[in-house]
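*Asks:* Submitted below is the structure of interest, expressed as structure tokens.
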Amino acid sequence: MTAGKKITCSLIVCTFERASSLKRLLDSVEVQNSYPDEIIIVDGSLGSETQVMLDNHTYTNLKYFQVDDKDRGLTRQRNFGISKSEEVDVICFLDDDIVLEKDYFTQLIKTYQEKPEAIAVGGWIRDETEWRKVSNTYIPQKDEFVMDGYVRKLGQRNYLRKQLGLLSDQPPGYMPEFSHGLATSFLPPSGKSYKVEFFMGGVSSYKKELFEKIKFSSYFEGYGLYEDMDFCLRASRIGQLYVNTAAQVQHLHDTSGRPDYIRYGKMVIRNGFYVWRLKYPKPGLKAILKWSLINIVLLLIRFGNAFSKKNRKDSINESFGRSAGLISLIFSKPEINR
């Protein structure tokens, strides 16, 4: 990108049976202070509800494609959307159940302008986590995480992992040798851009030139759990990734279009194993033991949710899926496409 040149961008949204969520997202895009040069909707829905919604609402620069079986599924829809994009500098992806803050695109593009080495930039999801500003000399409590003058609670799972010596020793957005790194939600709301090697695909952007070198992997069919991790890890071999904590969104989780919980639990394990071995083809024995222990601990926590939360059946089914995933690795490990 030439210094001083306007950076152009496409927004690609892959959707499936979520017309109302998609409209809410597009309404938040419509009021942005920097508007995408094109919006590409790749709809894998079986019905026409999404198309009818878009026919009844006008959004500038929008192109709509409804795909059939051969292009259906998150990974395939993303690659399809890339193939339909015009000549732009940056391609942005957003999940259809995201809502943007008004300056989201302005902040993303700002990182590319200020960090010319950036090949990809992710946004930052605002959730219910409470962050507090503290002094640089603040000593966190056992159940707290501190970074760059901000502190937050670790949460049940990560606090237990810390007590067991299984918490990541890397900054947020980096994978340790035993996998299970801290998510980019552990980056503080400082307004800064932080170096990472992975971020969430639902709030992501990439220089279009990157797609001349790599594509989203065909291994991650259907729901595509961890396909964003796979792509980011491969992209991080090529250039530097960032998360801009000033490019903020809300993720209003829509459960429609997700796989059944047994299948989801199995994907958590097998796809998690895939991205781990993509980054670390030959981890040490200690890392292997830690990876296994963490998955067993998380499985037990998920099973325990059946006795403390409302969706008992979902917790039990996901636990069965995770168990099946772990057992399946003994007999059949995924073939890693490096």
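Naming works like this for the structure tokens: A, B, ... for the chains as they're shown, residue 1 at the start of each chain, ligands 1 onward in shown order.
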If we count only C-alpha atoms and set the cut-off at 8 Å, which residues sit around Leu187 (chain A), ignoring sequence neighbours fewer than 5 positions away in its own chain? Please answer as a list in words.

*Replies:*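 Surrounding residues, per the criterion: Met147, Pro172, Tyr194 and Thr245 of chain A.
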
*Asks:* Need the shell around Met200 (chain A): protein/DNA/RNA residues with any atom at most 8 Å away, counting only C-alpha atoms. Skip same-chain ones fewer than 3 positions apart. Format as a list of chain:residue names?

*Replies:*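 Contacts, with the query itself left out: A:Gly122, A:Thr184, A:Val203, A:Ser204, A:Asp228, A:Met229.
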
*Asks:* Applying 10 Å and only C-alpha atoms, which residues near region 288-304 of chain A remain after dropping the ones on its own chain fewer than 4 positions away? List them as a PyMOL selection string.

*Replies:* chain A and resi 156-158+160-161+164-167+177-180+265+268-269+272-273+276+282-284+308-309+312-323+326

*Asks:* Just to be explicit: take each residue in the selection above, keep N, CA and C atoms, and write the result as a CSV table (one decimal), in the first residue's frame.

*Replies:*
```
chain,number,residue,atom,x,y,z
A,156,GLN,N,-13.7,-18.8,35.7
A,156,GLN,CA,-13.6,-20.1,36.4
A,156,GLN,C,-12.6,-21.0,35.7
A,157,ARG,N,-12.8,-21.2,34.4
A,157,ARG,CA,-11.9,-22.2,33.7
A,157,ARG,C,-10.4,-21.8,33.8
A,158,ASN,N,-10.1,-20.5,33.5
A,158,ASN,CA,-8.7,-20.1,33.5
A,158,ASN,C,-8.1,-20.0,34.9
A,160,LEU,N,-9.0,-22.1,37.3
A,160,LEU,CA,-8.7,-23.5,37.7
A,160,LEU,C,-7.4,-24.0,36.9
A,161,ARG,N,-7.3,-23.6,35.7
A,161,ARG,CA,-6.1,-24.0,34.9
A,161,ARG,C,-4.8,-23.3,35.6
A,164,LEU,N,-3.8,-25.3,38.5
A,164,LEU,CA,-3.2,-26.6,38.2
A,164,LEU,C,-1.9,-26.4,37.4
A,165,GLY,N,-1.5,-25.2,37.1
A,165,GLY,CA,-0.3,-25.0,36.4
A,165,GLY,C,-0.4,-25.2,34.9
A,166,LEU,N,-1.7,-25.0,34.4
A,166,LEU,CA,-2.0,-25.3,33.0
A,166,LEU,C,-2.4,-24.0,32.2
A,167,LEU,N,-2.2,-22.8,32.8
A,167,LEU,CA,-2.5,-21.6,32.1
A,167,LEU,C,-1.4,-21.2,31.1
A,177,GLU,N,3.2,-24.0,23.6
A,177,GLU,CA,3.5,-25.3,23.0
A,177,GLU,C,2.4,-26.3,23.3
A,178,PHE,N,1.7,-26.1,24.4
A,178,PHE,CA,0.6,-27.1,24.7
A,178,PHE,C,-0.8,-26.6,24.2
A,179,SER,N,-0.8,-25.6,23.3
A,179,SER,CA,-2.0,-25.0,22.8
A,179,SER,C,-2.8,-24.3,23.9
A,180,HIS,N,-4.1,-24.1,23.7
A,180,HIS,CA,-4.9,-23.4,24.7
A,180,HIS,C,-4.4,-22.1,25.2
A,265,GLY,N,-19.0,-30.8,20.2
A,265,GLY,CA,-18.0,-31.2,21.1
A,265,GLY,C,-16.9,-32.0,20.5
A,268,VAL,N,-14.6,-29.5,18.8
A,268,VAL,CA,-13.7,-28.8,19.7
A,268,VAL,C,-12.4,-29.6,19.9
A,269,ILE,N,-12.5,-30.9,20.0
A,269,ILE,CA,-11.3,-31.7,20.2
A,269,ILE,C,-10.5,-31.9,19.0
A,272,GLY,N,-9.3,-28.7,17.4
A,272,GLY,CA,-8.3,-28.1,18.3
A,272,GLY,C,-7.0,-28.8,18.1
A,273,PHE,N,-7.0,-30.1,18.0
A,273,PHE,CA,-5.8,-30.9,17.8
A,273,PHE,C,-5.2,-30.5,16.5
A,276,TRP,N,-3.4,-27.1,16.8
A,276,TRP,CA,-2.2,-27.3,17.7
A,276,TRP,C,-1.0,-27.9,16.9
A,282,LYS,N,5.7,-31.3,16.3
A,282,LYS,CA,6.4,-32.3,17.2
A,282,LYS,C,6.5,-31.7,18.6
A,283,PRO,N,5.4,-31.5,19.3
A,283,PRO,CA,5.5,-31.0,20.7
A,283,PRO,C,6.2,-32.0,21.6
A,284,GLY,N,6.8,-31.4,22.7
A,284,GLY,CA,7.5,-32.2,23.7
A,284,GLY,C,6.5,-33.0,24.5
A,308,SER,N,-25.6,-27.4,37.1
A,308,SER,CA,-25.6,-26.1,37.6
A,308,SER,C,-26.2,-25.1,36.7
A,309,LYS,N,-26.5,-25.5,35.4
A,309,LYS,CA,-27.1,-24.5,34.4
A,309,LYS,C,-28.4,-25.1,33.8
A,312,ARG,N,-29.2,-28.4,30.5
A,312,ARG,CA,-28.6,-29.6,30.9
A,312,ARG,C,-28.2,-30.6,29.7
A,313,LYS,N,-29.2,-30.7,28.9
A,313,LYS,CA,-29.0,-31.7,27.7
A,313,LYS,C,-27.9,-31.2,26.8
A,314,ASP,N,-27.8,-29.9,26.6
A,314,ASP,CA,-26.7,-29.4,25.7
A,314,ASP,C,-25.3,-29.7,26.4
A,315,SER,N,-25.2,-29.5,27.7
A,315,SER,CA,-23.9,-29.7,28.4
A,315,SER,C,-23.5,-31.2,28.3
A,316,ILE,N,-24.5,-32.1,28.5
A,316,ILE,CA,-24.2,-33.5,28.5
A,316,ILE,C,-23.8,-33.9,27.1
A,317,ASN,N,-24.6,-33.5,26.0
A,317,ASN,CA,-24.3,-33.8,24.7
A,317,ASN,C,-22.9,-33.4,24.2
A,318,GLU,N,-22.6,-32.1,24.6
A,318,GLU,CA,-21.2,-31.6,24.2
A,318,GLU,C,-20.1,-32.4,24.9
A,319,SER,N,-20.4,-32.8,26.2
A,319,SER,CA,-19.4,-33.6,26.9
A,319,SER,C,-19.2,-35.0,26.2
A,320,PHE,N,-20.3,-35.6,25.8
A,320,PHE,CA,-20.2,-36.8,25.0
A,320,PHE,C,-19.4,-36.6,23.8
A,321,GLY,N,-19.6,-35.5,23.1
A,321,GLY,CA,-18.9,-35.2,21.8
A,321,GLY,C,-17.4,-35.0,22.1
A,322,ARG,N,-17.1,-34.3,23.2
A,322,ARG,CA,-15.7,-34.1,23.5
A,322,ARG,C,-15.0,-35.5,23.9
A,323,SER,N,-15.7,-36.3,24.6
A,323,SER,CA,-15.2,-37.6,25.0
A,323,SER,C,-14.9,-38.4,23.7
A,326,LEU,N,-11.8,-37.2,21.9
A,326,LEU,CA,-10.6,-37.6,22.5
A,326,LEU,C,-10.3,-39.1,22.2
```

*Asks:* Work out how far CA of Asp230 (chain A) is from CA of Met175 (chain A), in Å to one decimal.

*Replies:* 11.6 Å

*Asks:* Contacts of Arg234 (chain A) at 9 Å or less, counting only C-alpha atoms, minus same-chain residues fewer than 6 places along, as number ranges by chain?

*Replies:* A: 214, 278-279, 338

*Asks:* Please, could you write that set of residues out with C-alpha atoms as a CSV table (one decimal), in the first residue's frame?

*Replies:*
```
chain,number,residue,atom,x,y,z
A,214,ILE,CA,-3.1,-18.9,1.1
A,278,LEU,CA,-0.2,-27.1,12.6
A,279,LYS,CA,1.7,-24.8,14.9
A,338,ARG,CA,0.5,-27.3,6.2
```

*Asks:* Name the residues in contact with Asp43 (chain A) at a cut-off of 10 Å, using only C-alpha atoms, excluding same-chain residues fewer than 3 positions from it; report them as a PyMOL selection string.

*Replies:* chain A and resi 13-19+40+46-48+50-51+64-68+71-74+77+81

*Asks:* Just the selected residues (C-alpha atoms), exported as a CSV table (one decimal), in the first residue's frame, please.

*Replies:*
```csv
chain,number,residue,atom,x,y,z
A,13,VAL,CA,-20.5,-11.6,5.5
A,14,CYS,CA,-21.2,-15.3,5.3
A,15,THR,CA,-24.6,-16.1,6.7
A,16,PHE,CA,-26.9,-19.1,7.2
A,17,GLU,CA,-30.6,-18.8,8.2
A,18,ARG,CA,-30.1,-15.6,10.2
A,19,ALA,CA,-32.0,-12.8,8.3
A,40,ILE,CA,-20.6,-9.0,-0.3
A,46,LEU,CA,-31.9,-23.1,2.2
A,47,GLY,CA,-34.9,-20.7,2.2
A,48,SER,CA,-35.4,-17.2,0.8
A,50,THR,CA,-32.5,-13.5,3.8
A,51,GLN,CA,-33.0,-12.6,0.2
A,64,TYR,CA,-25.9,-10.7,-2.7
A,65,PHE,CA,-25.1,-14.3,-3.6
A,66,GLN,CA,-27.1,-17.3,-2.5
A,67,VAL,CA,-24.9,-20.4,-2.8
A,68,ASP,CA,-25.7,-24.1,-3.2
A,71,ASP,CA,-20.1,-23.6,-1.8
A,72,ARG,CA,-22.1,-23.9,1.4
A,73,GLY,CA,-20.3,-23.9,4.8
A,74,LEU,CA,-18.2,-21.1,6.4
A,77,GLN,CA,-18.5,-19.3,1.6
A,81,GLY,CA,-16.8,-14.3,-1.3
```

*Asks:* Write down as an MDAnalysis selection string the residues of region 46-232 of chain A whose backbone DSSP state falls under alpha helix (DSSP H).

*Replies:* chainID A and resid 49:55 74:83 104:114 156:163 227:232

*Asks:* Produce a file of the selected residues containing C-alpha atoms, as a PDB file, in the first residue's frame.

*Replies:*
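Below is the file that was written, selection_20.pdb:
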```
ATOM      1  CA  GLU A  49     -35.937 -15.228   4.087  1.00  0.00           C
ATOM      2  CA  THR A  50     -32.534 -13.504   3.845  1.00  0.00           C
ATOM      3  CA  GLN A  51     -33.015 -12.582   0.195  1.00  0.00           C
ATOM      4  CA  VAL A  52     -36.494 -11.187   0.926  1.00  0.00           C
ATOM      5  CA  MET A  53     -35.094  -9.086   3.784  1.00  0.00           C
ATOM      6  CA  LEU A  54     -32.402  -7.626   1.518  1.00  0.00           C
ATOM      7  CA  ASP A  55     -34.931  -6.975  -1.247  1.00  0.00           C
ATOM      8  CA  LEU A  74     -18.220 -21.112   6.406  1.00  0.00           C
ATOM      9  CA  THR A  75     -14.872 -21.946   4.779  1.00  0.00           C
ATOM     10  CA  ARG A  76     -16.326 -22.428   1.305  1.00  0.00           C
ATOM     11  CA  GLN A  77     -18.505 -19.318   1.591  1.00  0.00           C
ATOM     12  CA  ARG A  78     -15.503 -17.214   2.598  1.00  0.00           C
ATOM     13  CA  ASN A  79     -13.456 -18.431  -0.345  1.00  0.00           C
ATOM     14  CA  PHE A  80     -16.469 -17.817  -2.619  1.00  0.00           C
ATOM     15  CA  GLY A  81     -16.802 -14.266  -1.296  1.00  0.00           C
ATOM     16  CA  ILE A  82     -13.115 -13.562  -1.893  1.00  0.00           C
ATOM     17  CA  SER A  83     -13.514 -14.698  -5.515  1.00  0.00           C
ATOM     18  CA  TYR A 104     -15.058   0.206  13.542  1.00  0.00           C
ATOM     19  CA  PHE A 105     -13.778   0.443   9.949  1.00  0.00           C
ATOM     20  CA  THR A 106     -11.976   3.723  10.632  1.00  0.00           C
ATOM     21  CA  GLN A 107     -10.014   2.072  13.435  1.00  0.00           C
ATOM     22  CA  LEU A 108      -9.186  -1.057  11.417  1.00  0.00           C
ATOM     23  CA  ILE A 109      -7.846   0.975   8.499  1.00  0.00           C
ATOM     24  CA  LYS A 110      -5.909   3.196  10.918  1.00  0.00           C
ATOM     25  CA  THR A 111      -3.845   0.177  12.001  1.00  0.00           C
ATOM     26  CA  TYR A 112      -2.900  -0.596   8.388  1.00  0.00           C
ATOM     27  CA  GLN A 113      -1.881   3.049   7.957  1.00  0.00           C
ATOM     28  CA  GLU A 114       0.181   3.176  11.154  1.00  0.00           C
ATOM     29  CA  GLN A 156     -13.630 -20.073  36.378  1.00  0.00           C
ATOM     30  CA  ARG A 157     -11.914 -22.156  33.712  1.00  0.00           C
ATOM     31  CA  ASN A 158      -8.736 -20.115  33.472  1.00  0.00           C
ATOM     32  CA  TYR A 159      -8.468 -19.705  37.254  1.00  0.00           C
ATOM     33  CA  LEU A 160      -8.664 -23.489  37.664  1.00  0.00           C
ATOM     34  CA  ARG A 161      -6.066 -23.957  34.931  1.00  0.00           C
ATOM     35  CA  LYS A 162      -3.808 -21.444  36.707  1.00  0.00           C
ATOM     36  CA  GLN A 163      -4.148 -23.350  39.977  1.00  0.00           C
ATOM     37  CA  GLU A 227     -10.838 -22.361  10.677  1.00  0.00           C
ATOM     38  CA  ASP A 228      -9.923 -18.795  11.688  1.00  0.00           C
ATOM     39  CA  MET A 229      -7.127 -20.082  13.954  1.00  0.00           C
ATOM     40  CA  ASP A 230      -5.789 -22.266  11.124  1.00  0.00           C
ATOM     41  CA  PHE A 231      -5.771 -19.365   8.672  1.00  0.00           C
ATOM     42  CA  CYS A 232      -4.185 -16.925  11.140  1.00  0.00           C
TER      43      CYS A 232
END
```

*Asks:* Excluding same-chain residues fewer than 3 positions from region 247-251 of chain A, what lies within 9 Å of it counting only C-alpha atoms, as a ChimeraX atom specification?

*Replies:* /A:95,97-108,122-127,191,203,243-244,254

*Asks:* Could you dump the residues just selected with C-alpha atoms as a CSV table (one decimal), in the first residue's frame?

*Replies:*
```csv
chain,number,residue,atom,x,y,z
A,95,ASP,CA,-20.0,-12.8,11.6
A,97,ASP,CA,-24.5,-11.8,14.7
A,98,ILE,CA,-22.0,-8.9,15.2
A,99,VAL,CA,-23.0,-5.2,15.9
A,100,LEU,CA,-20.3,-2.6,15.2
A,101,GLU,CA,-19.3,0.5,17.1
A,102,LYS,CA,-19.6,3.6,14.7
A,103,ASP,CA,-15.9,3.9,14.0
A,104,TYR,CA,-15.1,0.2,13.5
A,105,PHE,CA,-13.8,0.4,9.9
A,106,THR,CA,-12.0,3.7,10.6
A,107,GLN,CA,-10.0,2.1,13.4
A,108,LEU,CA,-9.2,-1.1,11.4
A,122,GLY,CA,-8.6,-8.1,14.0
A,123,GLY,CA,-11.3,-6.2,15.9
A,124,TRP,CA,-12.0,-6.4,19.7
A,125,ILE,CA,-15.2,-7.8,21.1
A,126,ARG,CA,-16.8,-6.0,24.0
A,127,ASP,CA,-18.4,-8.4,26.4
A,191,GLY,CA,-7.3,1.6,22.4
A,203,VAL,CA,-14.1,-9.7,13.4
A,243,VAL,CA,-5.7,-6.7,17.1
A,244,ASN,CA,-6.9,-3.1,17.4
A,254,ASP,CA,-27.3,-16.3,17.7
```

*Asks:* Near Gly155 (chain A), counting only C-alpha atoms, which residues have an atom at most 10 Å away, once you skip same-chain residues fewer than 5 positions from it, shown as number ranges by chain?

*Replies:* A: 129, 143-145, 160
